[in-house]
Amino acid sequence: MMRPLTRLMRRPTLALCAALLAALLLAAPALAGPALDQTKTAVDKVLSILRDPAFADPGTKDAQREKLRGVANEFFDWTALARRAAALEWRTMTPDQRREFTQLFSRILEKTYMDKIQSYSGEVVRYDKETALDKDKADVETMIVTSSKEIPISYRLYDTGGGAWRVYDVFVEGVSLVKNYRTQFRDILARDSVDDLLAQMRKKVAE
Amino acid sequence: MRPFTLLSCCLCCLLLAACATAPAPRAQSEPVLLAQTSTQASDAQFSDESTAKLDALLDEDYDQAPVNATRIADPLEPMNRVFFQFNDKLYFYLLKPTAQVYNAVTPELMRVGVKNAFTNLRYPIRLASCLLQGKGGDALRETGAFLLNSTLGMLGLFDLAKNHESLKTSGEDLGQTFGAWGAGHGFYLVLPVLGPTSARDGVGAFGDSFLDPVTYLTPWEHSMAVKGYDTFNGVALSLGDYEALKEAAIDPYIAVRDAYAQHREAEVKK
């Protein structure tokens, strides 16, 4: 049993090659990484807020929403999401219009999903893997496991500097949120002005 | 109905929730609840300089053609929009109320079981498409999953294969096969009752029906009824997805069309 090993030891280059080969074979696509870690942190924070008994009472829904908003603001880069959804049209907007567009965009998403999120009932989030897209961009694959189905969700994060990774796109079952809105905005802005679009968005938020 | 499940990202997008003020990008860790910023800071991040920096960081070049390319042609848009409205009303006035009653009187386990059983039955469709695309490994995995689910999974009622990494596949169909062979969507179609599809996927679905065992039930009314039940059961299991998508969209018709196109492209790539 010892002989093959001692033979290997006598040939350092062979040992080195064997070690490298072993390392390559054993290396999985990153099961951990800064983006995945921060995704986990954010989702875990949200889950703990959802499970917090202090918010069990329906009267505390608004307080719970405030806390959830706080986590979301840190995790999602709303400016990046809105800017990417507006694409070329962003350039035609004034900074004031851009600010309002970003706010309305995030409000519309919040309106739709807050209720669903707050009606959380024990679903499990599975973190599958992180794939580096670039030195400062990564794709994090997760899966929501419910009692009747599994929903694959991928987050695209970028390094905003100093190791803080924030989301600039979300993919649900292969559909990019940013691209989906981009198509809608492009269609609308082909007919209407930016102010018309903002009015439509304001109306939607007020619904 | 698949495109409707996409924005059931509701759950995952647990984080979706922002409020009026978007904070300036922070490089250091800060207290979680610090969400308010001064108007000064928010103006700065919407300036042209900040935008240029962001674009550089994300390697985005919006002048490139692909960004603005139409994902799926829609020459029949006026007619499609009419059918879209029709389907919308059909969903809210007929399908959804009926499905809610159905959900109330059936246990979820049963509904999931029905879905699993029908999915299992469509094994020949998936197998054929795997083989046509030359995906031998996937063909073997599909067969393994079919055998496991049909035996231990009680004729497909239980999807045991999904918990086994070695039996995981992406469900193939003829439309995806055509896509893998190079066919594009063709054009977008909204069919009354049946919902969104494309020229390519419509032909694919027609072809697949020959490999669907349920098609061969006689008389044809029984076959239609069984297929109808399968679809209805699927709708019942994903109640809420379409509503979420509609609520989140500025233009629901475009949102569904784009989601359909993106979803199918992602499926073809798998």
# chains A, B, ... in the order shown; residues from 1 in each chain; ligands from 1
call {"tool": "interface_residues", "arguments": {"of": "chain A", "to": "chain B", "cutoff": "6 Å", "atoms": "only C-alpha atoms", "output": "PDB file with C-alpha atoms, in the first residue's frame"}}
result
ATOM      1  CA  ARG A  69     -38.012  47.314   2.570  1.00  0.00           C
ATOM      2  CA  GLY A  70     -34.812  48.021   4.445  1.00  0.00           C
ATOM      3  CA  ALA A  72     -34.508  45.053  -0.119  1.00  0.00           C
ATOM      4  CA  ASN A  73     -32.978  48.510  -0.504  1.00  0.00           C
ATOM      5  CA  LEU A  88     -31.729  53.935 -24.377  1.00  0.00           C
ATOM      6  CA  PRO A  95     -32.217  63.520 -13.584  1.00  0.00           C
ATOM      7  CA  GLN A 103     -38.959  55.316  -7.432  1.00  0.00           C
ATOM      8  CA  SER A 106     -39.511  50.022  -7.385  1.00  0.00           C
ATOM      9  CA  ARG A 107     -42.919  50.945  -5.944  1.00  0.00           C
ATOM     10  CA  GLU A 110     -43.141  46.341  -4.185  1.00  0.00           C
ATOM     11  CA  THR A 112     -47.130  43.437  -6.474  1.00  0.00           C
ATOM     12  CA  TYR A 113     -44.867  41.271  -4.413  1.00  0.00           C
ATOM     13  CA  LYS A 116     -47.234  37.575  -1.679  1.00  0.00           C
ATOM     14  CA  ILE A 117     -44.036  37.695   0.316  1.00  0.00           C
ATOM     15  CA  SER A 148     -46.517  22.018  -5.251  1.00  0.00           C
ATOM     16  CA  GLY A 161     -17.033  48.460  -4.635  1.00  0.00           C
ATOM     17  CA  GLY A 162     -15.593  47.408  -1.319  1.00  0.00           C
ATOM     18  CA  ALA A 164     -20.763  45.051  -1.448  1.00  0.00           C
ATOM     19  CA  VAL A 172     -37.401  33.766 -12.890  1.00  0.00           C
ATOM     20  CA  GLU A 173     -37.658  30.523 -14.864  1.00  0.00           C
ATOM     21  CA  GLY A 174     -35.305  31.955 -17.422  1.00  0.00           C
ATOM     22  CA  VAL A 175     -37.106  35.280 -17.819  1.00  0.00           C
ATOM     23  CA  ASN A 180     -39.326  42.069 -19.639  1.00  0.00           C
ATOM     24  CA  GLN A 184     -42.803  47.081 -22.191  1.00  0.00           C
TER      25      GLN A 184
END
call {"tool": "select_by_dssp", "arguments": {"residues": "chain A", "states": "strand (DSSP E or B)", "output": "PyMOL selection string"}}
result
chain A and resi 76+124-132+137-145+150-159+165-172+175-176
call {"tool": "residues_around", "arguments": {"residues": "B:Ala180", "least_positions_apart": "3", "cutoff": "9 Å", "atoms": "only C-alpha atoms", "output": "ChimeraX atom specification"}}
result
/B:133,175-177,183,268-269
call {"tool": "write_last_selection", "arguments": {"atoms": "C-alpha atoms", "output": "tab-separated table (two decimals), in the first residue's frame"}}
result
chain	number	residue	atom	x	y	z
B	133	GLN	CA	-31.55	16.64	-30.46
B	175	GLY	CA	-40.88	23.10	-30.27
B	176	GLN	CA	-37.57	23.16	-28.41
B	177	THR	CA	-36.21	20.60	-30.85
B	183	ALA	CA	-35.76	27.67	-36.02
B	268	VAL	CA	-34.16	25.78	-25.92
B	269	LYS	CA	-30.73	26.65	-24.52
call {"tool": "residues_around", "arguments": {"residues": "A:Arg182", "least_positions_apart": "3", "cutoff": "9 Å", "atoms": "only C-alpha atoms", "output": "ChimeraX atom specification"}}
result
/A:84-87,177-179,185-187
call {"tool": "write_last_selection", "arguments": {"atoms": "C-alpha atoms", "output": "PDB file, in the first residue's frame"}}
result
ATOM      1  CA  ARG A  84     -31.265  48.903 -17.406  1.00  0.00           C
ATOM      2  CA  ALA A  85     -35.020  48.605 -17.886  1.00  0.00           C
ATOM      3  CA  ALA A  86     -35.161  52.056 -19.461  1.00  0.00           C
ATOM      4  CA  ALA A  87     -32.142  51.307 -21.661  1.00  0.00           C
ATOM      5  CA  LEU A 177     -37.183  40.994 -15.096  1.00  0.00           C
ATOM      6  CA  VAL A 178     -35.187  43.857 -16.584  1.00  0.00           C
ATOM      7  CA  LYS A 179     -35.630  42.670 -20.170  1.00  0.00           C
ATOM      8  CA  PHE A 185     -41.182  50.490 -21.744  1.00  0.00           C
ATOM      9  CA  ARG A 186     -39.838  50.500 -25.265  1.00  0.00           C
ATOM     10  CA  ASP A 187     -43.266  49.720 -26.649  1.00  0.00           C
TER      11      ASP A 187
END
call {"tool": "closest_residue", "arguments": {"among": "B:Pro213, B:Pro107, B:Gly228, B:Gly144", "to": "B:Leu194", "atoms": "only C-alpha atoms"}}
result
B:Gly228
call {"tool": "residues_around", "arguments": {"residues": "B:Gly186", "least_positions_apart": "6", "cutoff": "7 Å", "atoms": "only C-alpha atoms", "output": "PyMOL selection string"}}
result
chain B and resi 73+198-200
call {"tool": "select_by_dssp", "arguments": {"residues": "stretch 41-74 of chain A", "states": "alpha helix (DSSP H)", "output": "list in words"}}
result
Thr41, Ala42, Val43, Asp44, Lys45, Val46, Leu47, Ser48, Ile49, Leu50, Arg51, Lys61, Asp62, Ala63, Gln64, Arg65, Glu66, Lys67, Leu68, Arg69, Gly70, Val71, Ala72, Asn73 and Glu74 of chain A
call {"tool": "residues_around", "arguments": {"residues": "A:Val170", "least_positions_apart": "5", "cutoff": "7 Å", "atoms": "only C-alpha atoms", "output": "PyMOL selection string"}}
result
chain A and resi 154-156+176-177
call {"tool": "residues_around", "arguments": {"residues": "stretch 188-201 of chain A", "least_positions_apart": "3", "cutoff": "9 Å", "atoms": "only C-alpha atoms", "output": "mmCIF file with C-alpha atoms, in the first residue's frame"}}
result
data_model
loop_
_atom_site.group_PDB
_atom_site.id
_atom_site.type_symbol
_atom_site.label_atom_id
_atom_site.label_comp_id
_atom_site.auth_asym_id
_atom_site.auth_seq_id
_atom_site.Cartn_x
_atom_site.Cartn_y
_atom_site.Cartn_z
ATOM 1 C CA GLU A 89 -34.622 56.001 -23.121
ATOM 2 C CA THR A 92 -33.521 61.215 -22.871
ATOM 3 C CA MET A 93 -34.691 61.601 -19.282
ATOM 4 C CA GLN A 97 -37.414 62.125 -14.375
ATOM 5 C CA GLU A 100 -39.111 59.502 -10.274
ATOM 6 C CA PHE A 101 -38.894 56.641 -12.772
ATOM 7 C CA LEU A 104 -42.118 54.395 -9.351
ATOM 8 C CA PHE A 105 -40.492 51.291 -10.812
ATOM 9 C CA ILE A 108 -44.730 48.975 -8.654
ATOM 10 C CA THR A 183 -39.761 45.515 -23.809
ATOM 11 C CA GLN A 184 -42.803 47.081 -22.191
ATOM 12 C CA PHE A 185 -41.182 50.490 -21.744
ATOM 13 C CA LYS A 204 -50.511 52.104 -11.493
ATOM 14 C CA VAL A 205 -48.941 52.734 -8.106
ATOM 15 C CA ALA A 206 -52.062 54.531 -6.941
ATOM 16 C CA ILE B 250 -47.470 48.260 -17.206
ATOM 17 C CA ASP B 251 -48.699 46.542 -20.377
#
call {"tool": "atom_distance", "arguments": {"atom1": "atom CA of A:Trp78", "atom2": "atom CA of A:Leu157"}}
result
12.1 Å
call {"tool": "closest_residue", "arguments": {"among": "A:Leu81, A:Gln118, A:Lys111, A:Ala32", "to": "A:Ala56", "atoms": "only C-alpha atoms"}}
result
A:Gln118
call {"tool": "atom_distance", "arguments": {"atom1": "atom CA of A:Ala80", "atom2": "atom CA of A:Asp169"}}
result
8.5 Å
call {"tool": "closest_residue", "arguments": {"among": "B:Val214, B:Ala56, B:Met79, B:Ile72", "to": "B:Thr119", "atoms": "only C-alpha atoms"}}
result
B:Val214
call {"tool": "closest_residue", "arguments": {"among": "A:Thr39, A:Pro58, A:Asp159, A:Trp90", "to": "A:Lys135", "atoms": "only C-alpha atoms"}}
result
A:Asp159
